[in-house]
file coords_39.cif (mmCIF, C-alpha atoms)
data_my_file
#
loop_
_atom_site.group_PDB
_atom_site.id
_atom_site.type_symbol
_atom_site.label_atom_id
_atom_site.label_comp_id
_atom_site.auth_asym_id
_atom_site.auth_seq_id
_atom_site.Cartn_x
_atom_site.Cartn_y
_atom_site.Cartn_z
ATOM 1 C CA MET A 1 -4.678 43.554 -6.375
ATOM 2 C CA ASP A 2 -1.535 41.427 -6.600
ATOM 3 C CA GLN A 3 -0.359 41.271 -10.219
ATOM 4 C CA GLU A 4 2.643 39.024 -9.538
ATOM 5 C CA GLY A 5 0.739 35.725 -9.431
ATOM 6 C CA PRO A 6 -1.493 36.438 -12.447
ATOM 7 C CA LEU A 7 1.470 37.429 -14.642
ATOM 8 C CA ARG A 8 3.426 34.340 -13.643
ATOM 9 C CA GLU A 9 0.416 32.178 -14.485
ATOM 10 C CA ARG A 10 -0.119 34.032 -17.771
ATOM 11 C CA LEU A 11 3.450 33.251 -18.819
ATOM 12 C CA ILE A 12 2.836 29.575 -18.077
ATOM 13 C CA ASP A 13 -0.534 29.680 -19.887
ATOM 14 C CA VAL A 14 1.125 31.174 -22.971
ATOM 15 C CA GLY A 15 3.838 28.520 -22.814
ATOM 16 C CA VAL A 16 1.227 25.759 -22.598
ATOM 17 C CA GLU A 17 -0.652 27.165 -25.604
ATOM 18 C CA LEU A 18 2.594 27.480 -27.546
ATOM 19 C CA VAL A 19 3.834 23.946 -26.836
ATOM 20 C CA MET A 20 0.411 22.517 -27.691
ATOM 21 C CA SER A 21 0.187 24.344 -31.001
ATOM 22 C CA GLU A 22 3.812 24.493 -32.157
ATOM 23 C CA GLY A 23 5.804 21.986 -30.107
ATOM 24 C CA ALA A 24 8.533 22.221 -27.502
ATOM 25 C CA GLY A 25 11.006 23.800 -29.934
ATOM 26 C CA ALA A 26 8.900 26.979 -30.032
ATOM 27 C CA LEU A 27 9.279 27.704 -26.307
ATOM 28 C CA GLY A 28 11.751 30.576 -26.403
ATOM 29 C CA LEU A 29 11.658 33.117 -23.574
ATOM 30 C CA ARG A 30 11.303 36.033 -25.987
ATOM 31 C CA GLU A 31 8.413 34.411 -27.840
ATOM 32 C CA ILE A 32 6.575 33.586 -24.624
ATOM 33 C CA ALA A 33 7.089 37.155 -23.385
ATOM 34 C CA ARG A 34 5.916 38.605 -26.715
ATOM 35 C CA ARG A 35 2.748 36.526 -26.726
ATOM 36 C CA ALA A 36 2.084 37.390 -23.086
ATOM 37 C CA GLY A 37 2.413 41.084 -23.955
ATOM 38 C CA VAL A 38 5.367 41.807 -21.659
ATOM 39 C CA SER A 39 9.000 42.827 -22.159
ATOM 40 C CA HIS A 40 11.434 40.045 -23.028
ATOM 41 C CA GLY A 41 13.065 40.429 -19.609
ATOM 42 C CA ALA A 42 9.810 40.109 -17.628
ATOM 43 C CA PRO A 43 9.820 36.287 -17.387
ATOM 44 C CA ARG A 44 13.126 36.470 -15.477
ATOM 45 C CA ARG A 45 11.291 38.071 -12.540
ATOM 46 C CA TYR A 46 9.377 34.841 -12.007
ATOM 47 C CA PHE A 47 11.622 32.253 -13.624
ATOM 48 C CA PRO A 48 15.341 32.749 -13.028
ATOM 49 C CA THR A 49 16.234 30.419 -15.908
ATOM 50 C CA HIS A 50 14.622 29.292 -19.135
ATOM 51 C CA GLN A 51 14.660 25.781 -17.685
ATOM 52 C CA SER A 52 12.579 26.843 -14.684
ATOM 53 C CA LEU A 53 9.872 28.257 -16.985
ATOM 54 C CA LEU A 54 9.900 25.093 -19.097
ATOM 55 C CA SER A 55 9.574 23.028 -15.910
ATOM 56 C CA ALA A 56 6.527 25.052 -14.854
ATOM 57 C CA ILE A 57 4.949 24.481 -18.277
ATOM 58 C CA ALA A 58 5.743 20.759 -18.131
ATOM 59 C CA ARG A 59 4.243 20.557 -14.635
ATOM 60 C CA ARG A 60 0.937 21.684 -16.151
ATOM 61 C CA GLY A 61 1.240 18.763 -18.558
ATOM 62 C CA PHE A 62 1.654 16.344 -15.664
ATOM 63 C CA GLU A 63 -1.372 17.888 -13.951
ATOM 64 C CA ASP A 64 -3.464 17.424 -17.102
ATOM 65 C CA LEU A 65 -2.222 13.873 -17.601
ATOM 66 C CA GLY A 66 -3.019 13.132 -13.959
ATOM 67 C CA VAL A 67 -6.593 14.347 -14.473
ATOM 68 C CA CYS A 68 -6.936 12.152 -17.588
ATOM 69 C CA ILE A 69 -5.604 9.115 -15.762
ATOM 70 C CA ALA A 70 -7.764 9.699 -12.678
ATOM 71 C CA ALA A 71 -10.857 10.030 -14.872
ATOM 72 C CA SER A 72 -10.045 6.879 -16.825
ATOM 73 C CA ALA A 73 -9.307 4.818 -13.718
ATOM 74 C CA GLY A 74 -12.163 6.095 -11.597
ATOM 75 C CA ALA A 75 -14.966 3.784 -12.717
ATOM 76 C CA PRO A 76 -15.665 1.586 -9.665
ATOM 77 C CA GLU A 77 -17.263 -1.171 -11.743
ATOM 78 C CA LEU A 78 -13.971 -1.916 -13.514
ATOM 79 C CA SER A 79 -11.674 -4.660 -12.263
ATOM 80 C CA PRO A 80 -8.098 -3.673 -11.334
ATOM 81 C CA ARG A 81 -6.864 -5.192 -14.607
ATOM 82 C CA GLU A 82 -9.424 -3.224 -16.635
ATOM 83 C CA ARG A 83 -8.383 -0.085 -14.805
ATOM 84 C CA VAL A 84 -4.727 -0.761 -15.675
ATOM 85 C CA ARG A 85 -5.754 -1.119 -19.319
ATOM 86 C CA THR A 86 -7.773 2.119 -19.301
ATOM 87 C CA ILE A 87 -4.873 3.965 -17.636
ATOM 88 C CA GLY A 88 -2.558 2.619 -20.319
ATOM 89 C CA CYS A 89 -4.882 3.806 -23.088
ATOM 90 C CA ALA A 90 -5.203 7.232 -21.420
ATOM 91 C CA TYR A 91 -1.433 7.548 -21.078
ATOM 92 C CA VAL A 92 -0.696 6.613 -24.689
ATOM 93 C CA GLY A 93 -3.665 8.655 -25.909
ATOM 94 C CA TYR A 94 -2.400 11.752 -24.099
ATOM 95 C CA ALA A 95 1.071 11.248 -25.552
ATOM 96 C CA LEU A 96 -0.289 11.044 -29.086
ATOM 97 C CA GLU A 97 -2.775 13.880 -28.754
ATOM 98 C CA HIS A 98 -0.350 16.252 -27.008
ATOM 99 C CA ALA A 99 2.971 15.208 -28.526
ATOM 100 C CA GLY A 100 4.751 18.527 -27.926
ATOM 101 C CA MET A 101 3.772 18.675 -24.273
ATOM 102 C CA PHE A 102 4.570 14.997 -23.746
ATOM 103 C CA ALA A 103 8.057 15.478 -25.200
ATOM 104 C CA LEU A 104 8.617 18.466 -22.895
ATOM 105 C CA MET A 105 7.353 16.593 -19.830
ATOM 106 C CA PHE A 106 9.933 13.855 -20.180
ATOM 107 C CA ARG A 107 12.998 15.941 -21.061
ATOM 108 C CA HIS A 108 15.728 14.647 -18.773
ATOM 109 C CA ASP A 109 17.142 18.088 -17.957
ATOM 110 C CA LEU A 110 13.733 19.252 -16.744
ATOM 111 C CA LEU A 111 12.885 16.068 -14.850
ATOM 112 C CA ASP A 112 16.198 16.166 -13.018
ATOM 113 C CA SER A 113 15.824 19.836 -12.024
ATOM 114 C CA THR A 114 19.393 19.902 -10.642
ATOM 115 C CA GLY A 115 20.233 23.148 -8.917
ATOM 116 C CA ARG A 116 16.692 24.029 -7.893
ATOM 117 C CA GLY A 117 16.328 25.894 -4.650
ATOM 118 C CA PRO A 118 14.133 24.510 -1.834
ATOM 119 C CA SER A 119 11.630 27.341 -2.365
ATOM 120 C CA GLU A 120 10.911 26.087 -5.891
ATOM 121 C CA GLY A 121 9.111 23.017 -4.592
ATOM 122 C CA PRO A 122 9.561 19.366 -5.537
ATOM 123 C CA ARG A 123 11.473 18.327 -8.626
ATOM 124 C CA LEU A 124 9.466 17.825 -11.760
ATOM 125 C CA ARG A 125 10.307 14.109 -11.755
ATOM 126 C CA GLU A 126 8.309 13.808 -8.536
ATOM 127 C CA SER A 127 5.188 14.800 -10.503
ATOM 128 C CA THR A 128 5.207 11.281 -11.945
ATOM 129 C CA LEU A 129 4.997 9.596 -8.543
ATOM 130 C CA PRO A 130 1.224 9.794 -7.883
ATOM 131 C CA MET A 131 0.480 8.215 -11.277
ATOM 132 C CA PHE A 132 3.103 5.544 -10.728
ATOM 133 C CA ASP A 133 1.803 4.823 -7.205
ATOM 134 C CA LEU A 134 -1.705 4.331 -8.628
ATOM 135 C CA LEU A 135 -0.345 1.921 -11.224
ATOM 136 C CA VAL A 136 1.593 -0.015 -8.560
ATOM 137 C CA THR A 137 -1.546 -0.282 -6.398
ATOM 138 C CA LEU A 138 -3.603 -1.655 -9.284
ATOM 139 C CA VAL A 139 -0.859 -4.048 -10.404
ATOM 140 C CA ARG A 140 -0.630 -5.330 -6.811
ATOM 141 C CA ARG A 141 -4.396 -5.950 -6.839
ATOM 142 C CA CYS A 142 -3.899 -7.962 -10.004
ATOM 143 C CA GLY A 143 -1.660 -10.327 -8.029
ATOM 144 C CA ALA A 144 1.775 -9.420 -9.428
ATOM 145 C CA ALA A 145 4.644 -10.861 -7.369
ATOM 146 C CA GLU A 146 6.723 -7.675 -7.625
ATOM 147 C CA PRO A 147 4.183 -4.883 -8.149
ATOM 148 C CA SER A 148 6.684 -2.003 -8.334
ATOM 149 C CA VAL A 149 8.945 -3.760 -10.827
ATOM 150 C CA THR A 150 5.998 -4.961 -12.912
ATOM 151 C CA ALA A 151 4.437 -1.477 -12.905
ATOM 152 C CA ALA A 152 7.765 0.100 -13.901
ATOM 153 C CA ALA A 153 8.215 -2.374 -16.764
ATOM 154 C CA LEU A 154 4.640 -1.779 -17.923
ATOM 155 C CA TRP A 155 5.122 2.006 -17.770
ATOM 156 C CA ALA A 156 8.292 1.690 -19.864
ATOM 157 C CA ASN A 157 6.375 -0.460 -22.348
ATOM 158 C CA LEU A 158 3.517 2.066 -22.587
ATOM 159 C CA HIS A 159 5.975 4.930 -23.039
ATOM 160 C CA GLY A 160 7.659 2.981 -25.813
ATOM 161 C CA ILE A 161 4.321 2.307 -27.520
ATOM 162 C CA ALA A 162 3.540 6.023 -27.435
ATOM 163 C CA GLN A 163 6.911 7.040 -28.864
ATOM 164 C CA LEU A 164 7.094 4.365 -31.552
ATOM 165 C CA TRP A 165 3.503 4.957 -32.630
ATOM 166 C CA ARG A 166 4.079 8.697 -32.891
ATOM 167 C CA TRP A 167 7.239 8.166 -34.926
ATOM 168 C CA GLY A 168 5.314 5.881 -37.295
ATOM 169 C CA SER A 169 7.393 2.785 -36.548
ATOM 170 C CA LEU A 170 4.620 0.683 -35.000
ATOM 171 C CA PRO A 171 1.966 1.483 -37.639
ATOM 172 C CA LEU A 172 4.532 0.532 -40.283
ATOM 173 C CA ALA A 173 5.419 -2.710 -38.494
ATOM 174 C CA LEU A 174 1.715 -3.569 -38.198
ATOM 175 C CA GLY A 175 1.136 -2.978 -41.906
ATOM 176 C CA GLY A 176 -0.699 0.319 -41.556
ATOM 177 C CA ALA A 177 -2.502 2.174 -38.792
ATOM 178 C CA PRO A 178 -5.506 0.099 -37.763
ATOM 179 C CA VAL A 179 -8.176 2.080 -35.922
ATOM 180 C CA ASP A 180 -7.827 -0.005 -32.776
ATOM 181 C CA GLY A 181 -4.054 -0.508 -33.085
ATOM 182 C CA VAL A 182 -3.076 1.476 -30.006
ATOM 183 C CA GLU A 183 -5.731 -0.151 -27.811
ATOM 184 C CA ARG A 184 -4.653 -3.620 -28.965
ATOM 185 C CA LEU A 185 -1.008 -2.839 -28.251
ATOM 186 C CA VAL A 186 -1.864 -1.516 -24.788
ATOM 187 C CA GLY A 187 -3.905 -4.658 -24.119
ATOM 188 C CA ALA A 188 -1.015 -6.849 -25.277
ATOM 189 C CA ALA A 189 1.398 -4.947 -23.021
ATOM 190 C CA VAL A 190 -0.895 -5.375 -20.027
ATOM 191 C CA ASP A 191 -1.240 -9.105 -20.731
ATOM 192 C CA ALA A 192 2.506 -9.470 -21.206
ATOM 193 C CA HIS A 193 3.239 -7.938 -17.816
ATOM 194 C CA LEU A 194 0.295 -9.265 -15.802
ATOM 195 C CA GLY A 195 0.012 -12.671 -17.455
ATOM 196 C CA PRO A 196 -3.008 -14.081 -19.276
ATOM 197 C CA GLU A 197 -6.356 -12.789 -18.174
ATOM 198 C CA PRO A 198 -8.113 -15.242 -15.858
ATOM 199 C CA VAL A 199 -11.027 -17.062 -17.469
#

call {"tool": "encode", "arguments": {"input": "coords_39.cif", "output": "C-alpha coordinates"}}
result
Amino acid sequence: MDQEGPLRERLIDVGVELVMSEGAGALGLREIARRAGVSHGAPRRYFPTHQSLLSAIARRGFEDLGVCIAASAGAPELSPRERVRTIGCAYVGYALEHAGMFALMFRHDLLDSTGRGPSEGPRLRESTLPMFDLLVTLVRRCGAAEPSVTAAALWANLHGIAQLWRWGSLPLALGGAPVDGVERLVGAAVDAHLGPEPV
(Lines of atoms letter the chains of each structure in order from A and count residues from 1; the text may use other names and numbers.)
(Lines give C-alpha, C1' and ligand atoms only; values in the text may rest on other atoms or scores of the structure.)
Protein backbone atom coordinates (compact mmCIF):
# COMPACT_ATOMS: atom_id res chain seq x y z
CA MET A 1 0.00 0.00 0.00
CA ASP A 2 1.34 3.43 -0.95
CA GLN A 3 1.90 5.50 2.20
CA GLU A 4 3.13 8.61 0.38
CA GLY A 5 -0.30 9.98 -0.57
CA PRO A 6 -1.97 9.27 2.79
CA LEU A 7 0.83 10.97 4.75
CA ARG A 8 0.75 14.02 2.50
CA GLU A 9 -3.01 14.26 2.97
CA ARG A 10 -2.67 13.74 6.73
CA LEU A 11 -0.28 16.70 6.94
CA ILE A 12 -2.82 18.84 5.09
CA ASP A 13 -5.67 17.52 7.28
CA VAL A 14 -3.72 18.43 10.43
CA GLY A 15 -3.00 21.88 9.00
CA VAL A 16 -6.69 22.41 8.23
CA GLU A 17 -7.68 21.38 11.77
CA LEU A 18 -5.01 23.65 13.22
CA VAL A 19 -5.95 26.74 11.19
CA MET A 20 -9.64 26.20 11.98
CA SER A 21 -9.06 25.89 15.71
CA GLU A 22 -6.11 28.22 16.33
CA GLY A 23 -5.74 30.47 13.29
CA ALA A 24 -3.15 30.89 10.57
CA GLY A 25 -0.44 31.96 13.02
CA ALA A 26 -0.35 28.44 14.48
CA LEU A 27 0.68 26.78 11.21
CA GLY A 28 4.33 26.05 11.92
CA LEU A 29 5.94 23.08 10.17
CA ARG A 30 7.11 21.57 13.45
CA GLU A 31 3.67 21.83 15.03
CA ILE A 32 1.97 20.27 12.02
CA ALA A 33 4.53 17.44 12.00
CA ARG A 34 4.12 16.89 15.76
CA ARG A 35 0.34 16.68 15.51
CA ALA A 36 0.60 14.36 12.51
CA GLY A 37 2.90 12.09 14.52
CA VAL A 38 5.92 12.38 12.21
CA SER A 39 9.43 13.83 12.51
CA HIS A 40 9.76 17.58 12.04
CA GLY A 41 11.60 16.98 8.76
CA ALA A 42 8.92 14.70 7.26
CA PRO A 43 6.77 17.48 5.74
CA ARG A 44 9.74 18.51 3.56
CA ARG A 45 9.40 15.23 1.63
CA TYR A 46 6.04 16.39 0.31
CA PHE A 47 6.26 20.16 0.62
CA PRO A 48 9.63 21.65 -0.29
CA THR A 49 8.79 24.92 1.48
CA HIS A 50 6.56 26.02 4.32
CA GLN A 51 4.71 28.15 1.78
CA SER A 52 3.87 25.12 -0.36
CA LEU A 53 2.27 23.37 2.64
CA LEU A 54 0.31 26.51 3.53
CA SER A 55 -0.87 26.73 -0.09
CA ALA A 56 -2.11 23.14 0.04
CA ILE A 57 -4.02 23.90 3.25
CA ALA A 58 -5.48 27.08 1.74
CA ARG A 59 -6.52 25.15 -1.37
CA ARG A 60 -8.71 22.99 0.89
CA GLY A 61 -10.33 26.21 2.10
CA PHE A 62 -11.13 27.22 -1.47
CA GLU A 63 -12.58 23.76 -2.12
CA ASP A 64 -14.82 24.06 0.95
CA LEU A 65 -15.87 27.59 0.04
CA GLY A 66 -16.63 26.40 -3.49
CA VAL A 67 -18.90 23.67 -2.10
CA CYS A 68 -20.70 26.24 0.10
CA ILE A 69 -21.19 28.60 -2.81
CA ALA A 70 -22.36 25.86 -5.18
CA ALA A 71 -24.88 24.66 -2.59
CA SER A 72 -26.18 28.17 -1.96
CA ALA A 73 -26.49 29.02 -5.65
CA GLY A 74 -27.92 25.71 -6.79
CA ALA A 75 -31.62 26.27 -6.14
CA PRO A 76 -33.19 26.43 -9.62
CA GLU A 77 -36.24 28.35 -8.40
CA LEU A 78 -34.13 31.38 -7.47
CA SER A 79 -33.71 34.27 -9.88
CA PRO A 80 -30.15 35.20 -10.91
CA ARG A 81 -30.28 38.19 -8.56
CA GLU A 82 -31.42 36.01 -5.65
CA ARG A 83 -28.63 33.59 -6.43
CA VAL A 84 -26.10 36.45 -6.36
CA ARG A 85 -27.45 37.45 -2.95
CA THR A 86 -27.25 33.89 -1.59
CA ILE A 87 -23.69 33.53 -2.92
CA GLY A 88 -22.79 36.79 -1.20
CA CYS A 89 -24.25 35.60 2.10
CA ALA A 90 -22.41 32.26 1.76
CA TYR A 91 -19.12 34.01 1.02
CA VAL A 92 -19.36 36.41 3.96
CA GLY A 93 -20.72 33.65 6.20
CA TYR A 94 -17.77 31.40 5.39
CA ALA A 95 -15.34 34.24 6.08
CA LEU A 96 -16.87 34.89 9.49
CA GLU A 97 -17.26 31.26 10.49
CA HIS A 98 -13.77 30.22 9.33
CA ALA A 99 -11.79 33.40 9.92
CA GLY A 100 -8.39 31.69 10.24
CA MET A 101 -8.79 29.73 7.03
CA PHE A 102 -10.20 32.74 5.18
CA ALA A 103 -7.19 34.85 6.21
CA LEU A 104 -4.84 32.10 5.00
CA MET A 105 -6.68 31.70 1.69
CA PHE A 106 -6.16 35.32 0.72
CA ARG A 107 -2.54 35.79 1.82
CA HIS A 108 -0.86 37.47 -1.13
CA ASP A 109 2.33 35.39 -0.92
CA LEU A 110 0.31 32.18 -1.18
CA LEU A 111 -2.04 33.41 -3.90
CA ASP A 112 0.88 34.54 -6.04
CA SER A 113 2.75 31.23 -5.67
CA THR A 114 5.82 32.68 -7.43
CA GLY A 115 8.50 30.10 -8.05
CA ARG A 116 6.20 27.10 -8.21
CA GLY A 117 7.24 24.34 -10.54
CA PRO A 118 4.89 23.15 -13.32
CA SER A 119 4.42 19.82 -11.52
CA GLU A 120 2.82 21.61 -8.56
CA GLY A 121 -0.29 22.44 -10.56
CA PRO A 122 -2.09 25.76 -10.98
CA ARG A 123 -1.38 28.71 -8.73
CA LEU A 124 -3.57 29.08 -5.70
CA ARG A 125 -5.00 32.33 -7.08
CA GLU A 126 -6.53 30.29 -9.90
CA SER A 127 -8.69 28.51 -7.29
CA THR A 128 -10.80 31.66 -7.15
CA LEU A 129 -11.64 31.59 -10.85
CA PRO A 130 -14.56 29.10 -10.87
CA MET A 131 -16.35 31.08 -8.14
CA PHE A 132 -15.69 34.35 -9.93
CA ASP A 133 -16.86 32.90 -13.27
CA LEU A 134 -20.13 31.81 -11.62
CA LEU A 135 -20.61 35.31 -10.21
CA VAL A 136 -19.91 36.89 -13.62
CA THR A 137 -22.44 34.56 -15.28
CA LEU A 138 -25.15 35.47 -12.77
CA VAL A 139 -24.37 39.19 -12.92
CA ARG A 140 -24.61 39.00 -16.73
CA ARG A 141 -28.04 37.36 -16.39
CA CYS A 142 -29.05 40.28 -14.20
CA GLY A 143 -28.40 42.59 -17.15
CA ALA A 144 -25.20 44.34 -16.02
CA ALA A 145 -23.50 46.28 -18.83
CA GLU A 146 -20.01 45.15 -17.80
CA PRO A 147 -20.53 41.83 -16.01
CA SER A 148 -16.86 41.14 -15.22
CA VAL A 149 -16.23 44.61 -13.81
CA THR A 150 -19.50 44.60 -11.87
CA ALA A 151 -18.78 41.12 -10.47
CA ALA A 152 -15.25 42.16 -9.48
CA ALA A 153 -16.53 45.28 -7.72
CA LEU A 154 -19.21 43.25 -5.93
CA TRP A 155 -16.65 40.64 -4.86
CA ALA A 156 -14.42 43.39 -3.47
CA ASN A 157 -17.42 44.82 -1.61
CA LEU A 158 -18.33 41.41 -0.13
CA HIS A 159 -14.73 40.81 0.91
CA GLY A 160 -14.70 44.20 2.59
CA ILE A 161 -17.95 43.45 4.42
CA ALA A 162 -16.47 40.20 5.71
CA GLN A 163 -13.25 41.83 6.92
CA LEU A 164 -14.86 44.90 8.48
CA TRP A 165 -17.54 42.83 10.19
CA ARG A 166 -14.96 40.45 11.62
CA TRP A 167 -12.85 43.34 12.89
CA GLY A 168 -15.93 44.82 14.59
CA SER A 169 -15.93 48.03 12.55
CA LEU A 170 -19.27 47.50 10.79
CA PRO A 171 -21.20 46.36 13.89
CA LEU A 172 -19.87 49.45 15.67
CA ALA A 173 -20.84 51.73 12.78
CA LEU A 174 -24.34 50.20 12.73
CA GLY A 175 -24.79 50.76 16.46
CA GLY A 176 -24.37 47.14 17.51
CA ALA A 177 -24.56 43.75 15.82
CA PRO A 178 -28.11 43.26 14.58
CA VAL A 179 -29.00 39.63 13.92
CA ASP A 180 -29.64 40.26 10.24
CA GLY A 181 -26.87 42.86 9.82
CA VAL A 182 -24.68 40.82 7.49
CA GLU A 183 -27.59 39.77 5.27
CA ARG A 184 -28.79 43.38 5.02
CA LEU A 185 -25.31 44.58 4.11
CA VAL A 186 -24.96 41.87 1.46
CA GLY A 187 -28.36 42.84 0.05
CA ALA A 188 -27.35 46.51 -0.02
CA ALA A 189 -24.10 45.63 -1.81
CA VAL A 190 -25.97 43.60 -4.42
CA ASP A 191 -28.43 46.45 -4.98
CA ALA A 192 -25.62 48.99 -5.19
CA HIS A 193 -23.86 47.04 -7.92
CA LEU A 194 -26.85 45.67 -9.83
CA GLY A 195 -29.17 48.65 -9.41
CA PRO A 196 -32.59 48.67 -7.77
CA GLU A 197 -34.50 45.43 -7.89
CA PRO A 198 -37.14 45.46 -10.63
CA VAL A 199 -40.69 45.77 -9.34

call {"tool": "closest_atom_pairs", "arguments": {"input": "coords_39.cif", "of": "region 27-127 of chain A", "to": "region 166-187 of chain A", "cutoff": "12 Å", "atoms": "all atoms listed in the file", "output": "JSON lines"}}
result
{"residue": "A:Arg81", "atom": "CA", "partner": "A:Gly187", "partner_atom": "CA", "distance": 10.0}
{"residue": "A:Glu82", "atom": "CA", "partner": "A:Gly187", "partner_atom": "CA", "distance": 9.4}
{"residue": "A:Arg83", "atom": "CA", "partner": "A:Gly187", "partner_atom": "CA", "distance": 11.3}
{"residue": "A:Val84", "atom": "CA", "partner": "A:Gly187", "partner_atom": "CA", "distance": 9.3}
{"residue": "A:Arg85", "atom": "CA", "partner": "A:Gly187", "partner_atom": "CA", "distance": 6.2}
{"residue": "A:Thr86", "atom": "CA", "partner": "A:Val186", "partner_atom": "CA", "distance": 8.8}
{"residue": "A:Ile87", "atom": "CA", "partner": "A:Val186", "partner_atom": "CA", "distance": 9.5}
{"residue": "A:Gly88", "atom": "CA", "partner": "A:Val186", "partner_atom": "CA", "distance": 6.1}
{"residue": "A:Cys89", "atom": "CA", "partner": "A:Glu183", "partner_atom": "CA", "distance": 6.2}
{"residue": "A:Ala90", "atom": "CA", "partner": "A:Glu183", "partner_atom": "CA", "distance": 9.8}
{"residue": "A:Tyr91", "atom": "CA", "partner": "A:Val186", "partner_atom": "CA", "distance": 9.8}
{"residue": "A:Val92", "atom": "CA", "partner": "A:Val182", "partner_atom": "CA", "distance": 7.8}
{"residue": "A:Gly93", "atom": "CA", "partner": "A:Val182", "partner_atom": "CA", "distance": 8.3}
{"residue": "A:Tyr94", "atom": "CA", "partner": "A:Arg166", "partner_atom": "CA", "distance": 11.3}
{"residue": "A:Ala95", "atom": "CA", "partner": "A:Arg166", "partner_atom": "CA", "distance": 8.3}
{"residue": "A:Leu96", "atom": "CA", "partner": "A:Arg166", "partner_atom": "CA", "distance": 6.3}
{"residue": "A:Glu97", "atom": "CA", "partner": "A:Arg166", "partner_atom": "CA", "distance": 9.5}
{"residue": "A:His98", "atom": "CA", "partner": "A:Arg166", "partner_atom": "CA", "distance": 10.6}
{"residue": "A:Ala99", "atom": "CA", "partner": "A:Arg166", "partner_atom": "CA", "distance": 7.9}
{"residue": "A:Gly100", "atom": "CA", "partner": "A:Arg166", "partner_atom": "CA", "distance": 11.0}
{"residue": "A:Phe102", "atom": "CA", "partner": "A:Arg166", "partner_atom": "CA", "distance": 11.1}
{"residue": "A:Ala103", "atom": "CA", "partner": "A:Arg166", "partner_atom": "CA", "distance": 11.0}

call {"tool": "residues_around", "arguments": {"input": "coords_39.cif", "residues": "Ile12 (chain A)", "least_positions_apart": "5", "cutoff": "8 Å", "atoms": "only C-alpha atoms", "output": "list in words"}}
result
Leu53, Ala56 and Ile57 of chain A

call {"tool": "resolve_selection", "arguments": {"input": "coords_39.cif", "expression": "the PyMOL selection byres ((chain A and resi 26) around 12)", "output": "list in words"}}
result
Val14, Gly15, Val16, Glu17, Leu18, Val19, Met20, Ser21, Glu22, Gly23, Ala24, Gly25, Leu27, Gly28, Leu29, Arg30, Glu31, Ile32, Arg35, Leu54, Gly100, Met101 and Leu104 of chain A

call {"tool": "closest_residue", "arguments": {"input": "coords_39.cif", "among": "A:Leu110, A:Leu78, A:Leu124, A:Val139", "to": "Ala153 (chain A)", "atoms": "all atoms listed in the file"}}
result
A:Val139

call {"tool": "atom_distance", "arguments": {"input": "coords_39.cif", "atom1": "CA of Ser127 (chain A)", "atom2": "CA of Arg44 (chain A)"}}
result
23.6 Å

call {"tool": "atom_distance", "arguments": {"input": "coords_39.cif", "atom1": "CA of Arg10 (chain A)", "atom2": "CA of Thr128 (chain A)"}}
result
24.1 Å

call {"tool": "atom_distance", "arguments": {"input": "coords_39.cif", "atom1": "CA of Gly66 (chain A)", "atom2": "CA of Pro6 (chain A)"}}
result
23.4 Å

call {"tool": "closest_residue", "arguments": {"input": "coords_39.cif", "among": "A:Cys142, A:Leu158, A:Leu164, A:Leu194", "to": "Pro80 (chain A)", "atoms": "all atoms listed in the file"}}
result
A:Cys142

call {"tool": "closest_residue", "arguments": {"input": "coords_39.cif", "among": "A:Val136, A:Ala144, A:Ala189, A:Ala71", "to": "Ala156 (chain A)", "atoms": "only C-alpha atoms"}}
result
A:Ala189

call {"tool": "residues_near_point", "arguments": {"input": "coords_39.cif", "point": "(9.0, 1.0, -12.2)", "cutoff": "12 Å", "atoms": "only C-alpha atoms", "output": "PDB file with C-alpha atoms, in the coordinates of the input"}}
result
ATOM      1  CA  THR A 128       5.207  11.281 -11.945  1.00  0.00           C
ATOM      2  CA  LEU A 129       4.997   9.596  -8.543  1.00  0.00           C
ATOM      3  CA  MET A 131       0.480   8.215 -11.277  1.00  0.00           C
ATOM      4  CA  PHE A 132       3.103   5.544 -10.728  1.00  0.00           C
ATOM      5  CA  ASP A 133       1.803   4.823  -7.205  1.00  0.00           C
ATOM      6  CA  LEU A 134      -1.705   4.331  -8.628  1.00  0.00           C
ATOM      7  CA  LEU A 135      -0.345   1.921 -11.224  1.00  0.00           C
ATOM      8  CA  VAL A 136       1.593  -0.015  -8.560  1.00  0.00           C
ATOM      9  CA  VAL A 139      -0.859  -4.048 -10.404  1.00  0.00           C
ATOM     10  CA  GLU A 146       6.723  -7.675  -7.625  1.00  0.00           C
ATOM     11  CA  PRO A 147       4.183  -4.883  -8.149  1.00  0.00           C
ATOM     12  CA  SER A 148       6.684  -2.003  -8.334  1.00  0.00           C
ATOM     13  CA  VAL A 149       8.945  -3.760 -10.827  1.00  0.00           C
ATOM     14  CA  THR A 150       5.998  -4.961 -12.912  1.00  0.00           C
ATOM     15  CA  ALA A 151       4.437  -1.477 -12.905  1.00  0.00           C
ATOM     16  CA  ALA A 152       7.765   0.100 -13.901  1.00  0.00           C
ATOM     17  CA  ALA A 153       8.215  -2.374 -16.764  1.00  0.00           C
ATOM     18  CA  LEU A 154       4.640  -1.779 -17.923  1.00  0.00           C
ATOM     19  CA  TRP A 155       5.122   2.006 -17.770  1.00  0.00           C
ATOM     20  CA  ALA A 156       8.292   1.690 -19.864  1.00  0.00           C
ATOM     21  CA  ASN A 157       6.375  -0.460 -22.348  1.00  0.00           C
ATOM     22  CA  LEU A 158       3.517   2.066 -22.587  1.00  0.00           C
ATOM     23  CA  HIS A 159       5.975   4.930 -23.039  1.00  0.00           C
TER      24      HIS A 159
END

call {"tool": "closest_residue", "arguments": {"input": "coords_39.cif", "among": "A:His50, A:Arg59, A:Arg8, A:Arg140", "to": "Val38 (chain A)", "atoms": "all atoms listed in the file"}}
result
A:Arg8

call {"tool": "closest_residue", "arguments": {"input": "coords_39.cif", "among": "A:His108, A:Arg125, A:His40, A:His193", "to": "Ala145 (chain A)", "atoms": "all atoms listed in the file"}}
result
A:His193

call {"tool": "closest_residue", "arguments": {"input": "coords_39.cif", "among": "A:Trp165, A:Leu11, A:Glu126, A:Thr137", "to": "Ser52 (chain A)", "atoms": "all atoms listed in the file"}}
result
A:Leu11
